[in-house]
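File shown: entry.cif (mmCIF, C-alpha atoms and all ligand atoms).
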data_entry
#
loop_
_atom_site.label_atom_id
_atom_site.label_comp_id
_atom_site.auth_asym_id
_atom_site.auth_seq_id
_atom_site.Cartn_x
_atom_site.Cartn_y
_atom_site.Cartn_z
CA MET A 1 -27.31 38.09 -0.77
CA PRO A 2 -24.36 38.14 -3.17
CA VAL A 3 -24.66 37.57 -6.92
CA TYR A 4 -23.49 34.01 -7.43
CA LYS A 5 -21.19 32.96 -10.26
CA SER A 6 -21.88 29.22 -10.40
CA ILE A 7 -24.53 26.76 -9.24
CA SER A 8 -21.72 25.17 -7.19
CA GLU A 9 -22.17 28.07 -4.78
CA LEU A 10 -25.86 27.28 -4.35
CA VAL A 11 -25.40 23.73 -3.05
CA GLY A 12 -26.30 23.03 0.58
CA LYS A 13 -27.40 25.38 3.37
CA THR A 14 -30.91 23.93 3.04
CA PRO A 15 -33.63 24.94 5.52
CA LEU A 16 -34.95 22.99 8.50
CA LEU A 17 -38.73 23.14 8.81
CA GLU A 18 -40.80 22.03 11.80
CA LEU A 19 -43.88 20.15 10.58
CA THR A 20 -46.17 22.22 12.78
CA GLY A 21 -49.29 21.44 10.75
CA TYR A 22 -48.77 17.68 10.92
CA GLU A 23 -47.70 17.83 14.60
CA LYS A 24 -50.86 19.72 15.51
CA LYS A 25 -53.21 17.47 13.52
CA HIS A 26 -51.78 14.35 15.17
CA SER A 27 -51.17 15.93 18.61
CA LEU A 28 -47.54 14.86 18.50
CA GLU A 29 -45.65 15.45 21.72
CA ALA A 30 -42.21 15.50 20.08
CA LYS A 31 -40.91 17.97 17.51
CA VAL A 32 -40.46 16.73 13.93
CA LEU A 33 -38.00 18.88 11.96
CA VAL A 34 -37.35 18.16 8.31
CA LYS A 35 -34.30 19.18 6.32
CA LEU A 36 -35.61 20.17 2.90
CA GLU A 37 -32.99 19.01 0.45
CA TYR A 38 -35.16 20.04 -2.50
CA PHE A 39 -33.87 23.56 -1.84
CA ASN A 40 -30.62 22.49 -3.52
CA PRO A 41 -30.17 23.94 -7.05
CA ASN A 42 -31.29 20.69 -8.66
CA GLN A 43 -33.79 19.71 -6.04
CA SER A 44 -32.09 16.86 -4.22
CA VAL A 45 -29.58 15.96 -1.52
CA LYS A 46 -27.41 14.49 -4.27
CA ASP A 47 -26.30 17.95 -5.42
CA ARG A 48 -24.06 17.89 -2.36
CA ILE A 49 -22.21 14.72 -3.30
CA ALA A 50 -22.18 15.58 -7.02
CA LEU A 51 -20.25 18.76 -6.27
CA SER A 52 -18.00 17.18 -3.67
CA MET A 53 -17.07 14.13 -5.80
CA VAL A 54 -16.33 16.32 -8.85
CA GLU A 55 -14.24 18.85 -6.94
CA ASP A 56 -12.39 16.11 -5.06
CA ALA A 57 -11.50 14.49 -8.41
CA GLU A 58 -10.35 17.84 -9.81
CA LYS A 59 -8.11 18.36 -6.79
CA LYS A 60 -6.65 14.85 -7.13
CA GLY A 61 -6.03 15.31 -10.88
CA LEU A 62 -8.46 12.51 -11.77
CA LEU A 63 -10.70 14.90 -13.70
CA LYS A 64 -9.31 17.38 -16.22
CA PRO A 65 -10.77 19.64 -18.94
CA GLY A 66 -12.03 17.55 -21.87
CA TYR A 67 -12.79 14.49 -19.71
CA THR A 68 -16.16 12.74 -19.55
CA ILE A 69 -17.76 12.20 -16.17
CA VAL A 70 -19.47 8.78 -15.99
CA GLU A 71 -21.75 7.38 -13.29
CA THR A 72 -24.37 4.73 -12.57
CA THR A 73 -27.23 5.98 -10.45
CA SER A 74 -30.89 5.67 -9.58
CA GLY A 75 -31.33 9.20 -10.83
CA ASN A 76 -30.79 12.05 -8.42
CA THR A 77 -27.01 11.78 -8.45
CA GLY A 78 -27.20 11.73 -12.22
CA ILE A 79 -29.19 14.95 -12.25
CA GLY A 80 -26.84 16.65 -9.79
CA LEU A 81 -23.77 15.52 -11.73
CA ALA A 82 -25.31 16.49 -15.09
CA ALA A 83 -25.86 20.04 -13.86
CA ILE A 84 -22.42 20.37 -12.23
CA ALA A 85 -20.79 18.87 -15.35
CA ALA A 86 -22.68 21.36 -17.56
CA SER A 87 -21.71 24.32 -15.38
CA LYS A 88 -18.04 23.26 -15.33
CA GLY A 89 -17.89 22.32 -19.03
CA TYR A 90 -17.46 18.54 -18.77
CA LYS A 91 -19.28 15.90 -20.83
CA PHE A 92 -21.51 13.57 -18.80
CA ARG A 93 -22.84 10.06 -19.30
CA VAL A 94 -25.01 8.12 -16.89
CA TYR A 95 -26.22 4.53 -16.67
CA VAL A 96 -29.68 4.52 -15.08
CA GLN A 97 -31.79 1.76 -13.55
CA ASP A 98 -34.78 0.90 -15.70
CA ASN A 99 -37.43 1.48 -13.01
CA VAL A 100 -36.44 5.12 -12.55
CA SER A 101 -39.15 7.65 -13.38
CA GLU A 102 -39.18 9.19 -16.84
CA GLU A 103 -38.70 12.73 -15.52
CA ARG A 104 -35.19 11.89 -14.39
CA PHE A 105 -34.03 10.76 -17.82
CA LYS A 106 -35.44 13.91 -19.39
CA VAL A 107 -33.81 16.23 -16.89
CA ILE A 108 -30.36 14.66 -17.38
CA GLN A 109 -30.75 14.98 -21.14
CA ALA A 110 -31.81 18.62 -20.75
CA PHE A 111 -28.45 19.30 -19.09
CA GLY A 112 -26.73 17.79 -22.13
CA GLY A 113 -26.04 14.44 -20.46
CA THR A 114 -26.29 11.05 -22.16
CA THR A 115 -28.53 8.45 -20.49
CA ILE A 116 -28.20 4.69 -20.95
CA LYS A 117 -30.49 2.11 -19.33
CA LEU A 118 -28.54 -0.43 -17.30
CA SER A 119 -30.50 -3.28 -18.88
CA GLU A 120 -29.06 -2.22 -22.25
CA GLU A 121 -25.53 -2.97 -21.01
CA PRO A 122 -24.76 -6.66 -21.68
CA VAL A 123 -22.05 -6.83 -18.98
CA VAL A 124 -24.51 -5.68 -16.28
CA ASP A 125 -27.11 -8.23 -17.30
CA LYS A 126 -24.46 -10.99 -17.42
CA VAL A 127 -23.05 -10.28 -13.94
CA LEU A 128 -26.52 -9.86 -12.38
CA LYS A 129 -27.48 -13.29 -13.74
CA GLU A 130 -24.19 -14.92 -12.70
CA THR A 131 -24.33 -13.55 -9.16
CA GLY A 132 -28.07 -13.83 -8.56
CA GLY A 133 -28.59 -10.05 -8.51
CA ASP A 134 -25.38 -8.68 -7.00
CA PHE A 135 -25.74 -5.07 -8.08
CA VAL A 136 -22.41 -3.90 -6.65
CA ALA A 137 -20.57 -6.61 -8.64
CA ALA A 138 -22.48 -5.64 -11.80
CA ILE A 139 -21.54 -1.98 -11.45
CA ASN A 140 -17.91 -2.91 -10.78
CA ALA A 141 -17.86 -4.97 -13.97
CA LEU A 142 -19.37 -2.09 -15.94
CA ARG A 143 -16.79 0.33 -14.55
CA SER A 144 -13.90 -2.00 -15.44
CA GLU A 145 -15.25 -2.34 -18.95
CA VAL A 146 -15.68 1.43 -19.50
CA LEU A 147 -12.24 2.21 -18.05
CA SER A 148 -10.51 -0.48 -20.11
CA LYS A 149 -12.10 0.63 -23.39
CA GLU A 150 -12.08 4.44 -23.11
CA GLU A 151 -9.69 7.20 -22.14
CA ASN A 152 -10.19 10.51 -20.31
CA ILE A 153 -13.00 9.16 -18.17
CA PHE A 154 -13.72 10.00 -14.55
CA PHE A 155 -15.94 7.23 -13.17
CA VAL A 156 -17.57 8.82 -10.15
CA ASP A 157 -18.76 5.71 -8.25
CA GLN A 158 -20.92 7.22 -5.53
CA VAL A 159 -21.13 3.85 -3.71
CA SER A 160 -17.41 3.77 -2.94
CA ASN A 161 -16.35 7.41 -3.25
CA PRO A 162 -15.25 8.74 0.19
CA ALA A 163 -16.16 12.30 -0.94
CA ASN A 164 -19.81 11.16 -0.65
CA PRO A 165 -20.05 10.66 3.14
CA ALA A 166 -17.36 13.32 3.65
CA ILE A 167 -19.56 16.15 2.33
CA HIS A 168 -22.34 15.14 4.72
CA PHE A 169 -19.81 15.20 7.57
CA SER A 170 -18.61 18.66 6.56
CA THR A 171 -21.93 20.28 5.54
CA THR A 172 -25.22 18.42 6.29
CA GLY A 173 -24.21 17.53 9.84
CA PRO A 174 -22.90 21.01 10.80
CA GLU A 175 -25.96 22.70 9.23
CA ILE A 176 -28.32 20.57 11.37
CA TRP A 177 -26.20 21.12 14.48
CA GLU A 178 -26.10 24.89 13.99
CA ASP A 179 -29.75 25.32 13.00
CA THR A 180 -30.99 23.30 15.99
CA LYS A 181 -28.36 24.94 18.25
CA GLY A 182 -27.45 21.43 19.29
CA GLU A 183 -31.03 20.66 20.39
CA ILE A 184 -31.40 17.38 18.54
CA ASP A 185 -32.13 13.99 20.09
CA ILE A 186 -32.80 11.74 17.12
CA PHE A 187 -31.53 11.86 13.54
CA VAL A 188 -33.41 9.96 10.82
CA ALA A 189 -32.15 9.25 7.29
CA ASN A 190 -32.73 6.84 4.44
CA VAL A 191 -30.01 4.51 3.27
CA GLY A 192 -29.16 4.26 -0.41
CA THR A 193 -25.40 4.65 -0.69
CA GLY A 194 -25.46 5.35 3.05
CA GLY A 195 -23.58 8.62 2.53
CA THR A 196 -26.19 10.79 4.21
CA VAL A 197 -26.69 8.69 7.32
CA SER A 198 -22.99 7.86 7.73
CA GLY A 199 -21.49 11.34 7.23
CA THR A 200 -24.21 13.31 8.99
CA GLY A 201 -24.56 10.73 11.75
CA LYS A 202 -20.81 10.72 12.37
CA PHE A 203 -20.68 14.51 12.66
CA LEU A 204 -23.69 14.70 14.99
CA LYS A 205 -22.34 11.94 17.22
CA SER A 206 -18.95 13.71 17.34
CA LYS A 207 -20.82 16.68 18.83
CA ASN A 208 -23.06 14.66 21.12
CA PRO A 209 -22.64 10.88 21.34
CA ASN A 210 -26.14 10.60 22.86
CA ILE A 211 -27.83 11.58 19.60
CA LYS A 212 -29.66 8.50 18.36
CA VAL A 213 -29.24 7.73 14.65
CA VAL A 214 -32.09 5.89 12.91
CA ALA A 215 -31.45 4.41 9.46
CA ILE A 216 -34.32 3.51 7.14
CA GLN A 217 -34.52 0.48 4.89
CA PRO A 218 -37.48 -0.76 2.84
CA GLY A 219 -39.98 -3.01 4.62
CA PRO A 220 -40.52 -6.63 3.45
CA ASN A 221 -43.57 -5.73 1.30
CA SER A 222 -41.57 -3.11 -0.57
CA LEU A 223 -38.82 -5.42 -1.78
CA PRO A 224 -39.00 -7.87 -4.68
CA GLY A 225 -39.81 -11.36 -3.39
CA ASP A 226 -41.36 -14.61 -4.57
CA ALA A 227 -44.89 -13.45 -3.71
CA ASN A 228 -44.43 -10.07 -5.39
CA PRO A 229 -41.48 -9.83 -7.80
CA THR A 230 -42.23 -6.21 -8.80
CA PRO A 231 -43.49 -4.27 -5.78
CA GLU A 232 -43.66 -0.46 -5.69
CA GLU A 233 -40.18 0.35 -4.38
CA ILE A 234 -38.83 3.40 -2.57
CA THR A 235 -36.48 4.97 -5.11
CA GLY A 236 -32.95 5.29 -3.82
CA VAL A 237 -33.51 3.28 -0.62
CA HIS A 238 -31.93 -0.16 -0.22
CA PRO A 239 -31.68 -2.84 2.48
CA PHE A 240 -28.52 -2.84 4.59
CA GLU A 241 -29.33 -5.45 7.21
CA GLY A 242 -29.47 -9.10 6.29
CA VAL A 243 -27.33 -8.25 3.26
CA PRO A 244 -23.86 -9.80 2.76
CA ASP A 245 -21.00 -7.39 3.54
CA GLU A 246 -19.70 -7.40 -0.03
CA ARG A 247 -23.03 -6.03 -1.24
CA ILE A 248 -22.97 -3.06 1.13
CA PRO A 249 -21.57 0.15 -0.40
CA SER A 250 -18.33 1.17 1.30
CA THR A 251 -19.94 4.61 1.78
CA MET A 252 -22.28 2.98 4.34
CA ASP A 253 -20.94 2.76 7.89
CA ARG A 254 -22.94 -0.03 9.47
CA ASN A 255 -21.73 1.01 12.93
CA ILE A 256 -23.27 4.46 12.74
CA TYR A 257 -26.91 3.72 13.42
CA ASP A 258 -28.57 2.83 16.72
CA GLU A 259 -31.81 1.62 15.21
CA LYS A 260 -32.95 0.27 11.87
CA PHE A 261 -36.44 1.34 10.81
CA GLU A 262 -38.31 -0.55 8.09
CA ALA A 263 -40.66 1.63 6.03
CA GLU A 264 -43.19 0.32 3.53
CA THR A 265 -43.76 2.20 0.28
CA ILE A 266 -47.47 2.69 0.94
CA ASP A 267 -46.75 4.35 4.31
CA ALA A 268 -44.24 6.61 2.56
CA TYR A 269 -46.85 7.52 -0.08
CA LEU A 270 -49.61 8.22 2.45
CA THR A 271 -47.30 10.35 4.60
CA ALA A 272 -45.96 12.36 1.64
CA ARG A 273 -49.55 12.99 0.51
CA GLU A 274 -50.53 14.09 4.00
CA ILE A 275 -47.65 16.52 4.65
CA ALA A 276 -48.36 18.15 1.28
CA LYS A 277 -51.75 19.06 2.76
CA THR A 278 -50.79 19.81 6.38
CA ASP A 279 -47.57 21.71 5.74
CA GLY A 280 -47.49 22.58 2.04
CA ILE A 281 -44.36 20.66 1.09
CA LEU A 282 -44.17 18.34 -1.91
CA VAL A 283 -41.49 15.70 -1.44
CA GLY A 284 -40.44 12.36 -2.94
CA THR A 285 -41.12 8.80 -1.78
CA SER A 286 -38.01 8.40 0.36
CA SER A 287 -38.89 11.70 2.07
CA GLY A 288 -42.33 10.27 2.83
CA ALA A 289 -40.57 7.24 4.36
CA ALA A 290 -38.33 9.50 6.45
CA VAL A 291 -41.27 11.49 7.81
CA TYR A 292 -43.23 8.30 8.46
CA ALA A 293 -40.29 6.94 10.49
CA ALA A 294 -39.86 10.24 12.36
CA VAL A 295 -43.56 10.31 13.24
CA GLN A 296 -43.55 6.73 14.55
CA LEU A 297 -40.57 7.68 16.72
CA ALA A 298 -42.36 10.85 17.86
CA LYS A 299 -45.32 8.77 19.03
CA ARG A 300 -43.23 6.63 21.37
CA PRO A 301 -43.79 7.67 25.01
CA GLU A 302 -40.05 7.70 25.72
CA ASN A 303 -39.57 10.36 23.01
CA LYS A 304 -42.04 12.87 24.47
CA GLY A 305 -40.53 16.38 24.34
CA LYS A 306 -37.65 15.28 22.10
CA THR A 307 -36.51 16.81 18.82
CA ILE A 308 -36.32 14.52 15.81
CA VAL A 309 -34.62 15.65 12.59
CA ALA A 310 -35.26 13.83 9.30
CA VAL A 311 -33.51 14.45 5.99
CA LEU A 312 -35.98 14.72 3.09
CA PRO A 313 -33.88 13.86 0.01
CA ASP A 314 -35.83 15.27 -2.94
CA THR A 315 -38.84 17.01 -4.49
CA GLY A 316 -42.16 15.32 -5.20
CA LEU A 317 -42.17 16.90 -8.65
CA ARG A 318 -39.80 14.13 -9.70
CA TYR A 319 -42.52 11.50 -9.07
CA LEU A 320 -45.57 12.86 -10.84
CA SER A 321 -45.55 9.91 -13.25
CA THR A 322 -45.57 7.41 -10.34
CA ASN A 323 -48.29 6.42 -7.86
CA LEU A 324 -46.89 8.69 -5.14
CA PHE A 325 -49.57 11.39 -5.52
CA ASN A 326 -52.18 9.13 -7.11
CA GLU A 327 -54.79 9.31 -4.33
CA ASP A 328 -56.58 6.27 -5.80
CA TYR A 329 -53.52 4.13 -5.12
CA VAL A 330 -53.74 2.86 -1.55
CA GLY A 331 -51.53 -0.23 -1.73
C1 LIG B 1 -34.53 9.79 -3.56
C2 LIG B 1 -33.42 9.28 -2.69
N1 LIG B 1 -33.63 9.11 -1.40
C3 LIG B 1 -32.68 8.66 -0.58
C4 LIG B 1 -31.42 8.32 -1.03
C5 LIG B 1 -30.40 7.78 -0.07
O1 LIG B 1 -29.35 8.67 0.19
P1 LIG B 1 -27.87 8.12 0.43
O2 LIG B 1 -27.36 7.59 -0.88
O3 LIG B 1 -27.08 9.27 0.93
O4 LIG B 1 -27.95 7.00 1.42
C6 LIG B 1 -31.16 8.47 -2.38
C7 LIG B 1 -29.86 8.08 -2.91
O5 LIG B 1 -29.62 7.08 -3.52
C8 LIG B 1 -32.17 8.98 -3.24
O6 LIG B 1 -31.95 9.15 -4.55
#
Would you put the structure from the file into structure tokens?
Amino acid sequence: MPVYKSISELVGKTPLLELTGYEKKHSLEAKVLVKLEYFNPNQSVKDRIALSMVEDAEKKGLLKPGYTIVETTSGNTGIGLAAIAASKGYKFRVYVQDNVSEERFKVIQAFGGTTIKLSEEPVVDKVLKETGGDFVAAINALRSEVLSKEENIFFVDQVSNPANPAIHFSTTGPEIWEDTKGEIDIFVANVGTGGTVSGTGKFLKSKNPNIKVVAIQPGPNSLPGDANPTPEEITGVHPFEGVPDERIPSTMDRNIYDEKFEAETIDAYLTAREIAKTDGILVGTSSGAAVYAAVQLAKRPENKGKTIVAVLPDTGLRYLSTNLFNEDYVG
């Protein structure tokens, strides 16, 4: 191995692991392979897009020495960007959703980044109220406000930045294709910005159009509703079906997936707890959801003998203050 000069060189090339312990315990007749994105330098899949969006902006002249990188994010992108910004010498500011775990705020601050809760931004609150919760509109309003009031800002905007899905097309997809030697039947990924599923799915289908792409959204009990306005949610995972077009990030290609899978938070928790014990990997809630989906697919008779690959976005260490590994919490 060479001696690396920057964390930028450590992004990607994450390992694929077959969940042999879980497969054996449940007598699964399909292979479940997981792509461990916590092997990235800051422990999540978002290191990939952080690097790609920053370097794309540098190439386009949108980001220059002395500029401040600004983003709104549920956390992992903020952490990835904070680290890349630190290593490249940029200032970094992030607006974070209030329900994000405390660890994430602390990590961003450790990298020298500034964190601001979205609820503390009057324009966000105003637009959310006016539109009945249109998050995309609220973020757009915040961006317009920041850009009109300040100079030397690069507003990253992971939900509309084409460098987000592009890096999955050029790295995540090829890594899976090469590591499986093309032996992949089903690809499973969560949908937040949709970058992972869209870019990786597009690459895999370009290699073999028969690969089935399964996209995960939260189940009905894991979304705020009249009966339960504050359910335990799956961080970073958002609905994409039954949602008006204008609320779908442009990084999400709604034509890419063959099946939508709805995962409930409790199933994600129970699965993440179980694979920690069967296979010794500690992953976050959305990873639990991805494995849960992959396992349900593996159990279908028509998938006997097939190979299913799921992307596990981040480390479980980022959720120690949540109910994820609280064994007493069972829904
Ligand atoms: C923990 C976690 N899981 C899954 C996702 C979804 O990934 P993507 O934005 O590529 O759809 C995100 C991103 O928001 C995330 O932070």
Show me which residues are within 6 Å of ligand LIG 1 (chain B) counting all atoms listed in the file, and format the list as a PDB file with C-alpha atoms, in the frame of the given file.
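Result file is pocket.pdb:
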ATOM      1  CA  ASN A  76     -30.790  12.050  -8.420  1.00  0.00           C
ATOM      2  CA  ASN A 190     -32.730   6.840   4.440  1.00  0.00           C
ATOM      3  CA  VAL A 191     -30.010   4.510   3.270  1.00  0.00           C
ATOM      4  CA  GLY A 192     -29.160   4.260  -0.410  1.00  0.00           C
ATOM      5  CA  THR A 193     -25.400   4.650  -0.690  1.00  0.00           C
ATOM      6  CA  GLY A 194     -25.460   5.350   3.050  1.00  0.00           C
ATOM      7  CA  GLY A 195     -23.580   8.620   2.530  1.00  0.00           C
ATOM      8  CA  THR A 196     -26.190  10.790   4.210  1.00  0.00           C
ATOM      9  CA  THR A 235     -36.480   4.970  -5.110  1.00  0.00           C
ATOM     10  CA  GLY A 236     -32.950   5.290  -3.820  1.00  0.00           C
ATOM     11  CA  VAL A 237     -33.510   3.280  -0.620  1.00  0.00           C
ATOM     12  CA  SER A 286     -38.010   8.400   0.360  1.00  0.00           C
ATOM     13  CA  PRO A 313     -33.880  13.860   0.010  1.00  0.00           C
ATOM     14  CA  ASP A 314     -35.830  15.270  -2.940  1.00  0.00           C
TER      15      ASP A 314
END
Can you tell me, as a PDB file with C-alpha atoms, in the frame of the given file, what residues are no more than 10 Å from A:Pro239 when counting all atoms listed in the file, ignoring any on the same chain fewer than 3 positions away?
ATOM      1  CA  ASN A 190     -32.730   6.840   4.440  1.00  0.00           C
ATOM      2  CA  VAL A 191     -30.010   4.510   3.270  1.00  0.00           C
ATOM      3  CA  GLY A 192     -29.160   4.260  -0.410  1.00  0.00           C
ATOM      4  CA  ILE A 216     -34.320   3.510   7.140  1.00  0.00           C
ATOM      5  CA  GLN A 217     -34.520   0.480   4.890  1.00  0.00           C
ATOM      6  CA  PRO A 218     -37.480  -0.760   2.840  1.00  0.00           C
ATOM      7  CA  GLY A 219     -39.980  -3.010   4.620  1.00  0.00           C
ATOM      8  CA  PRO A 220     -40.520  -6.630   3.450  1.00  0.00           C
ATOM      9  CA  LEU A 223     -38.820  -5.420  -1.780  1.00  0.00           C
ATOM     10  CA  GLY A 242     -29.470  -9.100   6.290  1.00  0.00           C
ATOM     11  CA  VAL A 243     -27.330  -8.250   3.260  1.00  0.00           C
ATOM     12  CA  ARG A 247     -23.030  -6.030  -1.240  1.00  0.00           C
ATOM     13  CA  ILE A 248     -22.970  -3.060   1.130  1.00  0.00           C
ATOM     14  CA  LYS A 260     -32.950   0.270  11.870  1.00  0.00           C
ATOM     15  CA  GLU A 262     -38.310  -0.550   8.090  1.00  0.00           C
TER      16      GLU A 262
END
Hey, which bits of stretch 216-271 of chain A sit within 12 Å of stretch 132-137 of chain A, and for each residue what's the closest pair of atoms and how far apart in Å (one decimal), counting only C-alpha atoms, rows by chain and increasing number, as CSV?
residue,atom,partner,partner_atom,distance
A:Pro224,CA,A:Gly133,CA,11.3
A:His238,CA,A:Phe135,CA,11.1
A:Val243,CA,A:Asp134,CA,10.5
A:Pro244,CA,A:Asp134,CA,9.9
A:Asp245,CA,A:Val136,CA,10.9
A:Glu246,CA,A:Val136,CA,8.0
A:Arg247,CA,A:Val136,CA,5.8
A:Ile248,CA,A:Val136,CA,7.8
A:Pro249,CA,A:Val136,CA,7.5
A:Ser250,CA,A:Val136,CA,10.3
Residues within 10 Å of (-44.7, 10.4, -10.7), file coords, only C-alpha atoms, listed as a ChimeraX atom specification: /A:100-103,284-285,316-326
Find the residues near A:Leu282: any atom within 7 Å, counting only C-alpha atoms, skip ones fewer than 2 places away on the same chain, and give them as a CSV table (one decimal) with C-alpha atoms, in the coordinates of the input.
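And here's out.csv as it stands now:
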chain,number,residue,atom,x,y,z
A,276,ALA,CA,-48.4,18.2,1.3
A,280,GLY,CA,-47.5,22.6,2.0
A,315,THR,CA,-38.8,17.0,-4.5
A,316,GLY,CA,-42.2,15.3,-5.2
Separation of atom CA of A:Val45 from atom CA of A:Ile79, in Å and rounded to one decimal: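 According to the coordinates, atom CA of A:Val45 and atom CA of A:Ile79 are separated by 10.8 Å.
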Ref. answer, residues at most 6 Å from (-48.0, 16.7, 6.1) with all atoms listed in the file, as a list in words: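 Residues found, by chain and rising number: Tyr22, Glu274, Ile275, Ala276, Lys277, Thr278 and Asp279 of chain A.
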Minimum-distance residue to A:Thr230, chosen among A:Gly305, A:Glu55, A:Asn99, A:Ala83 (using all atoms listed in the file):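 The closest residue to A:Thr230 is A:Asn99.
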Best match for closeness to A:Leu312 among A:Ser160, A:Ser287, A:Ser6, A:Thr14, counting all atoms listed in the file: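 Nearest candidate to A:Leu312 out of A:Ser160, A:Ser287, A:Ser6, A:Thr14: A:Ser287.
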Within 7 Å of A:Arg93 using all atoms listed in the file, minus same-chain residues under 4 positions, as a ChimeraX atom specification: /A:69-71,113-115
Computed interatomic separation between atom CA of A:Gln97 and atom CA of A:Asn164 (Å):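 It comes out at 20.0 Å.
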Length of the atom CA of A:Leu142 to atom CA of A:Glu121 vector [Å]: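 Atom CA of A:Glu121 lies 8.0 Å from atom CA of A:Leu142.
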Distance query A:Leu19 at most 12 Å, only C-alpha atoms, self and fewer than 6 positions along chain excluded, as a VMD selection string: chain A and resid 25 to 28 30 to 36 271 274 to 281 291 294 to 295 298 307 to 310
Contact residues around A:Gly199 with only C-alpha atoms at 12 Å, ignoring same-chain residues under 5 positions, as a VMD selection string: chain A and resid 48 to 49 162 to 174 187 189 191 193 to 194 204 to 206 213 251 to 257
Pick from A:Ala141, A:Leu118, A:Ala290, A:Ile184, whichever lies nearest to A:Asn210 using all atoms listed in the file: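 Ranked by minimum distance to A:Asn210, first place goes to A:Ile184.
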For A:Tyr269, the nearest of the candidates A:Ile116, A:Ala85, A:Ala57, A:Val330, counting only C-alpha atoms: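 Comparing A:Ile116, A:Ala85, A:Ala57, A:Val330 against A:Tyr269, the winner is A:Val330.
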